[in-house]
Amino acid sequence: MKNALIEKKSLSDEPIIVSKENDIKNLVYNIRGKQVMLDSDLAKLYQVETKRLNESVKRNEKRFPESFCFQLSEEECNRLNEEYSTEKDEKEYGGRRYLPYAFTEPGIAMLSAVLKSEMAIQVSIRIMNTFVEMRRFMTSNTMMLNRINQLEIQQTNHKKEADEKFERIFEYISSNKESNQKIFFEGQIYDAHSILIKTIQKAKKNIKLVDGYIDINTLDIIAKKESNIPVTIYTHTSKKVSQNDINKFNSQYSELEIKNTRAFHDRFIIIDDEEVYHIGASIKNAGKKCFGMSKILDDDIKQQLLNKLNEI
């Protein structure tokens, strides 16, 4: 079926020979929102003159209400000529003494009864089958479009739900950003150890610990690092961590080095030579007494500390 009001017609008055269903489909148009066929095309299919076909309709006017048959307006005809402006169209429609008639499916069925010929009956049957097939096709397409629309609605809803979930996550992250300063009171041993382990596990390249007083508890916390991350501890000479302890640690976790120095009083953890944390207590005693932990943000201060470590 053509979405346009009409397509080019043959000028010949010879009857149209219908060889396949598509031949009829090509003669069905959408006019005024209805599927119709024009009187001239029907006359050729029925092998009668257009004038004789319309005369039969007029003689049986009561059988053809407007829902069965209607006459095109001059504006509609002009629109046809504008959309399909060719000499062929002008001769077909401009040369007629009256405006063409359009027949709906019920009107075409009524024509076969009015014309009372074997040809009209056979052609009408084929036309009715064509209309049925076209309705089936349109219904199938409508159902498919409805399903597509439902899928689009579902996808839109899923996207909206996902956006809302992400928004809640972002709001949570925004309201729960890691604080640059923390304080732990006496007895918060688990909390203190948890934040120290979480900080150590950030390391992807190396860990540097500046802590004057270390023991086996210090190594237990350092052992929570990712595998194969080298660790350097800067500390006072310690009798609580022996070379044997270091060897055992390296046999399982590897790459622990201890450097003895008394250049530092405070404690620091440096992650990947980028993040620097100042710790108010030796990590072996974290949580036993009140202490604070702060992230150093000043790049100059961080660099000065790294330079000092490199001198050792």
# chains A, B, ... in the order shown; residues from 1 in each chain; ligands from 1
$ residues_around --residues "Lys34 of chain A" --least-positions-apart "3" --cutoff "10 Å" --atoms "only C-alpha atoms" --output "list in words"
Val28, Tyr29, Asn30, Ile31, Met37, Ser67, Ala102, Phe103, Thr104 and Glu105 of chain A
$ select_by_dssp --residues "segment 220-256 of chain A" --states "helix (DSSP H, G or I)" --output "ChimeraX atom specification"
/A:220-222,243-252
$ residues_around --residues "segment 245-250 of chain A" --least-positions-apart "3" --cutoff "12 Å" --atoms "only C-alpha atoms" --output "PyMOL selection string"
chain A and resi 214-224+227-233+238-242+253-259
$ write_last_selection --atoms "N, CA, C and O atoms" --output "compact mmCIF listing (two decimals), in the first residue's frame"
# COMPACT_ATOMS: atom_id res chain seq x y z
N ILE A 214 59.86 -0.51 66.81
CA ILE A 214 59.11 -1.58 66.12
C ILE A 214 59.30 -2.88 66.86
O ILE A 214 60.26 -3.06 67.62
N ASP A 215 58.35 -3.79 66.63
CA ASP A 215 58.48 -5.15 67.15
C ASP A 215 57.74 -6.10 66.22
O ASP A 215 57.37 -5.73 65.09
N ILE A 216 57.49 -7.30 66.69
CA ILE A 216 56.81 -8.29 65.84
C ILE A 216 55.41 -7.83 65.44
O ILE A 216 54.93 -8.10 64.35
N ASN A 217 54.73 -7.07 66.32
CA ASN A 217 53.40 -6.54 65.98
C ASN A 217 53.46 -5.62 64.77
O ASN A 217 52.55 -5.58 63.94
N THR A 218 54.56 -4.86 64.66
CA THR A 218 54.75 -3.98 63.50
C THR A 218 54.80 -4.82 62.23
O THR A 218 54.16 -4.49 61.22
N LEU A 219 55.58 -5.91 62.29
CA LEU A 219 55.69 -6.77 61.10
C LEU A 219 54.37 -7.44 60.76
O LEU A 219 54.06 -7.66 59.58
N ASP A 220 53.57 -7.76 61.80
CA ASP A 220 52.26 -8.38 61.54
C ASP A 220 51.36 -7.44 60.74
O ASP A 220 50.61 -7.87 59.85
N ILE A 221 51.42 -6.14 61.04
CA ILE A 221 50.61 -5.17 60.29
C ILE A 221 51.15 -5.01 58.88
O ILE A 221 50.40 -5.00 57.90
N ILE A 222 52.48 -4.89 58.74
CA ILE A 222 53.10 -4.73 57.42
C ILE A 222 52.81 -5.94 56.54
O ILE A 222 52.67 -5.84 55.31
N ALA A 223 52.67 -7.12 57.15
CA ALA A 223 52.44 -8.36 56.38
C ALA A 223 51.11 -8.33 55.63
O ALA A 223 50.90 -9.13 54.71
N LYS A 224 50.23 -7.41 55.97
CA LYS A 224 48.93 -7.33 55.30
C LYS A 224 49.02 -6.62 53.95
O LYS A 224 48.03 -6.45 53.25
N SER A 227 51.18 -8.57 47.83
CA SER A 227 52.39 -9.37 47.62
C SER A 227 53.38 -8.65 46.73
O SER A 227 53.00 -7.87 45.84
N ASN A 228 54.67 -8.89 46.99
CA ASN A 228 55.77 -8.35 46.18
C ASN A 228 55.90 -6.83 46.23
O ASN A 228 56.53 -6.23 45.35
N ILE A 229 55.30 -6.20 47.21
CA ILE A 229 55.49 -4.75 47.40
C ILE A 229 56.65 -4.56 48.37
O ILE A 229 56.59 -5.00 49.52
N PRO A 230 57.73 -3.92 47.94
CA PRO A 230 58.89 -3.75 48.83
C PRO A 230 58.59 -2.79 49.98
O PRO A 230 57.88 -1.80 49.81
N VAL A 231 59.14 -3.11 51.15
CA VAL A 231 58.94 -2.30 52.35
C VAL A 231 60.29 -1.92 52.94
O VAL A 231 61.18 -2.78 53.08
N THR A 232 60.44 -0.65 53.26
CA THR A 232 61.65 -0.18 53.96
C THR A 232 61.21 0.46 55.26
O THR A 232 60.36 1.36 55.27
N ILE A 233 61.79 0.00 56.38
CA ILE A 233 61.47 0.57 57.70
C ILE A 233 62.69 1.33 58.20
O ILE A 233 63.81 0.79 58.24
N SER A 238 66.84 -1.86 67.01
CA SER A 238 65.82 -2.58 67.77
C SER A 238 66.28 -3.98 68.11
O SER A 238 66.75 -4.73 67.25
N LYS A 239 66.13 -4.31 69.41
CA LYS A 239 66.42 -5.67 69.84
C LYS A 239 65.18 -6.56 69.78
O LYS A 239 65.28 -7.78 69.97
N LYS A 240 64.00 -5.92 69.50
CA LYS A 240 62.75 -6.69 69.47
C LYS A 240 62.49 -7.33 68.12
O LYS A 240 61.59 -8.14 67.98
N VAL A 241 63.25 -6.90 67.10
CA VAL A 241 63.14 -7.52 65.77
C VAL A 241 64.54 -7.94 65.36
O VAL A 241 65.42 -7.10 65.14
N SER A 242 64.75 -9.23 65.30
CA SER A 242 66.07 -9.77 64.98
C SER A 242 66.21 -10.01 63.48
O SER A 242 65.21 -9.98 62.73
N TYR A 253 56.82 -13.16 52.77
CA TYR A 253 56.24 -11.94 52.20
C TYR A 253 57.22 -11.17 51.31
O TYR A 253 56.82 -10.39 50.47
N SER A 254 58.48 -11.36 51.53
CA SER A 254 59.57 -10.81 50.72
C SER A 254 59.73 -9.30 50.80
O SER A 254 58.81 -8.57 51.13
N GLU A 255 60.93 -8.89 50.46
CA GLU A 255 61.34 -7.51 50.22
C GLU A 255 61.14 -6.57 51.41
O GLU A 255 60.65 -5.46 51.28
N LEU A 256 61.51 -7.01 52.59
CA LEU A 256 61.54 -6.15 53.76
C LEU A 256 62.99 -5.75 54.04
O LEU A 256 63.88 -6.61 54.14
N GLU A 257 63.21 -4.46 54.19
CA GLU A 257 64.55 -3.95 54.51
C GLU A 257 64.42 -2.98 55.68
O GLU A 257 63.51 -2.14 55.70
N ILE A 258 65.32 -3.11 56.66
CA ILE A 258 65.30 -2.24 57.83
C ILE A 258 66.57 -1.41 57.84
O ILE A 258 67.68 -1.93 57.73
N LYS A 259 66.37 -0.08 57.95
CA LYS A 259 67.50 0.84 58.03
C LYS A 259 67.47 1.53 59.39
O LYS A 259 66.43 2.04 59.80
$ closest_residue --among "A:Asn310, A:Gln35, A:Asn206, A:Asn260" --to "Cys69 of chain A" --atoms "only C-alpha atoms"
A:Gln35
$ closest_residue --among "A:Ile189, A:Leu72, A:Leu42, A:Ala162" --to "Ser124 of chain A" --atoms "only C-alpha atoms"
A:Leu42
$ residues_around --residues "Ile200 of chain A" --least-positions-apart "2" --cutoff "10 Å" --atoms "only C-alpha atoms" --output "tab-separated table (two decimals) with N, CA and C atoms, in the first residue's frame"
chain	number	residue	atom	x	y	z
A	194	SER	N	42.79	-1.36	61.75
A	194	SER	CA	42.08	-1.45	60.48
A	194	SER	C	42.49	-0.31	59.55
A	195	ILE	N	42.58	0.92	60.06
A	195	ILE	CA	42.92	2.04	59.21
A	195	ILE	C	44.37	1.97	58.76
A	196	LEU	N	45.25	1.45	59.62
A	196	LEU	CA	46.65	1.28	59.23
A	196	LEU	C	46.79	0.23	58.13
A	197	ILE	N	46.09	-0.88	58.28
A	197	ILE	CA	46.14	-1.95	57.27
A	197	ILE	C	45.55	-1.45	55.95
A	198	LYS	N	44.43	-0.73	56.03
A	198	LYS	CA	43.81	-0.18	54.82
A	198	LYS	C	44.77	0.76	54.11
A	202	LYS	N	46.97	0.14	50.17
A	202	LYS	CA	46.87	1.03	49.01
A	202	LYS	C	48.11	0.92	48.12
A	203	ALA	N	49.22	0.53	48.69
A	203	ALA	CA	50.51	0.58	47.99
A	203	ALA	C	50.51	-0.32	46.76
A	204	LYS	N	50.98	0.22	45.66
A	204	LYS	CA	51.14	-0.54	44.41
A	204	LYS	C	52.61	-0.61	43.99
A	206	ASN	N	55.61	0.75	46.48
A	206	ASN	CA	56.49	0.56	47.65
A	206	ASN	C	55.87	1.16	48.88
A	207	ILE	N	56.43	0.78	50.04
A	207	ILE	CA	55.99	1.30	51.34
A	207	ILE	C	57.23	1.71	52.11
A	208	LYS	N	57.16	2.87	52.71
A	208	LYS	CA	58.24	3.34	53.60
A	208	LYS	C	57.61	3.66	54.95
A	209	LEU	N	58.15	3.08	56.01
A	209	LEU	CA	57.66	3.32	57.36
A	209	LEU	C	58.77	3.95	58.20
A	221	ILE	N	51.42	-6.14	61.04
A	221	ILE	CA	50.61	-5.17	60.29
A	221	ILE	C	51.15	-5.01	58.88
A	222	ILE	N	52.48	-4.89	58.74
A	222	ILE	CA	53.10	-4.73	57.42
A	222	ILE	C	52.81	-5.94	56.54
A	223	ALA	N	52.67	-7.12	57.15
A	223	ALA	CA	52.44	-8.36	56.38
A	223	ALA	C	51.11	-8.33	55.63
A	224	LYS	N	50.23	-7.41	55.97
A	224	LYS	CA	48.93	-7.33	55.30
A	224	LYS	C	49.02	-6.62	53.95
A	225	LYS	N	50.19	-6.18	53.54
A	225	LYS	CA	50.40	-5.50	52.26
A	225	LYS	C	50.12	-6.45	51.10
A	226	GLU	N	50.01	-5.86	49.90
A	226	GLU	CA	49.90	-6.68	48.69
A	226	GLU	C	51.23	-7.41	48.46
A	269	ILE	N	54.14	7.11	57.44
A	269	ILE	CA	53.98	6.05	56.45
A	269	ILE	C	53.92	6.72	55.08
A	270	ILE	N	54.78	6.28	54.16
A	270	ILE	CA	54.80	6.83	52.80
A	270	ILE	C	54.39	5.73	51.83
A	271	ILE	N	53.35	5.99	51.06
A	271	ILE	CA	52.81	5.02	50.10
A	271	ILE	C	53.18	5.44	48.68
$ residues_around --residues "Arg63 of chain A" --least-positions-apart "5" --cutoff "10 Å" --atoms "only C-alpha atoms" --output "PyMOL selection string"
chain A and resi 57-58+68-69+107+110-111+114
$ residues_around --residues "Tyr98 of chain A" --least-positions-apart "5" --cutoff "12 Å" --atoms "only C-alpha atoms" --output "list of chain:residue names"
A:Asp39, A:Ser40, A:Thr50, A:Lys51, A:Asn54, A:Gln71, A:Leu72, A:Ser73, A:Glu74, A:Cys77, A:Glu92, A:Tyr93
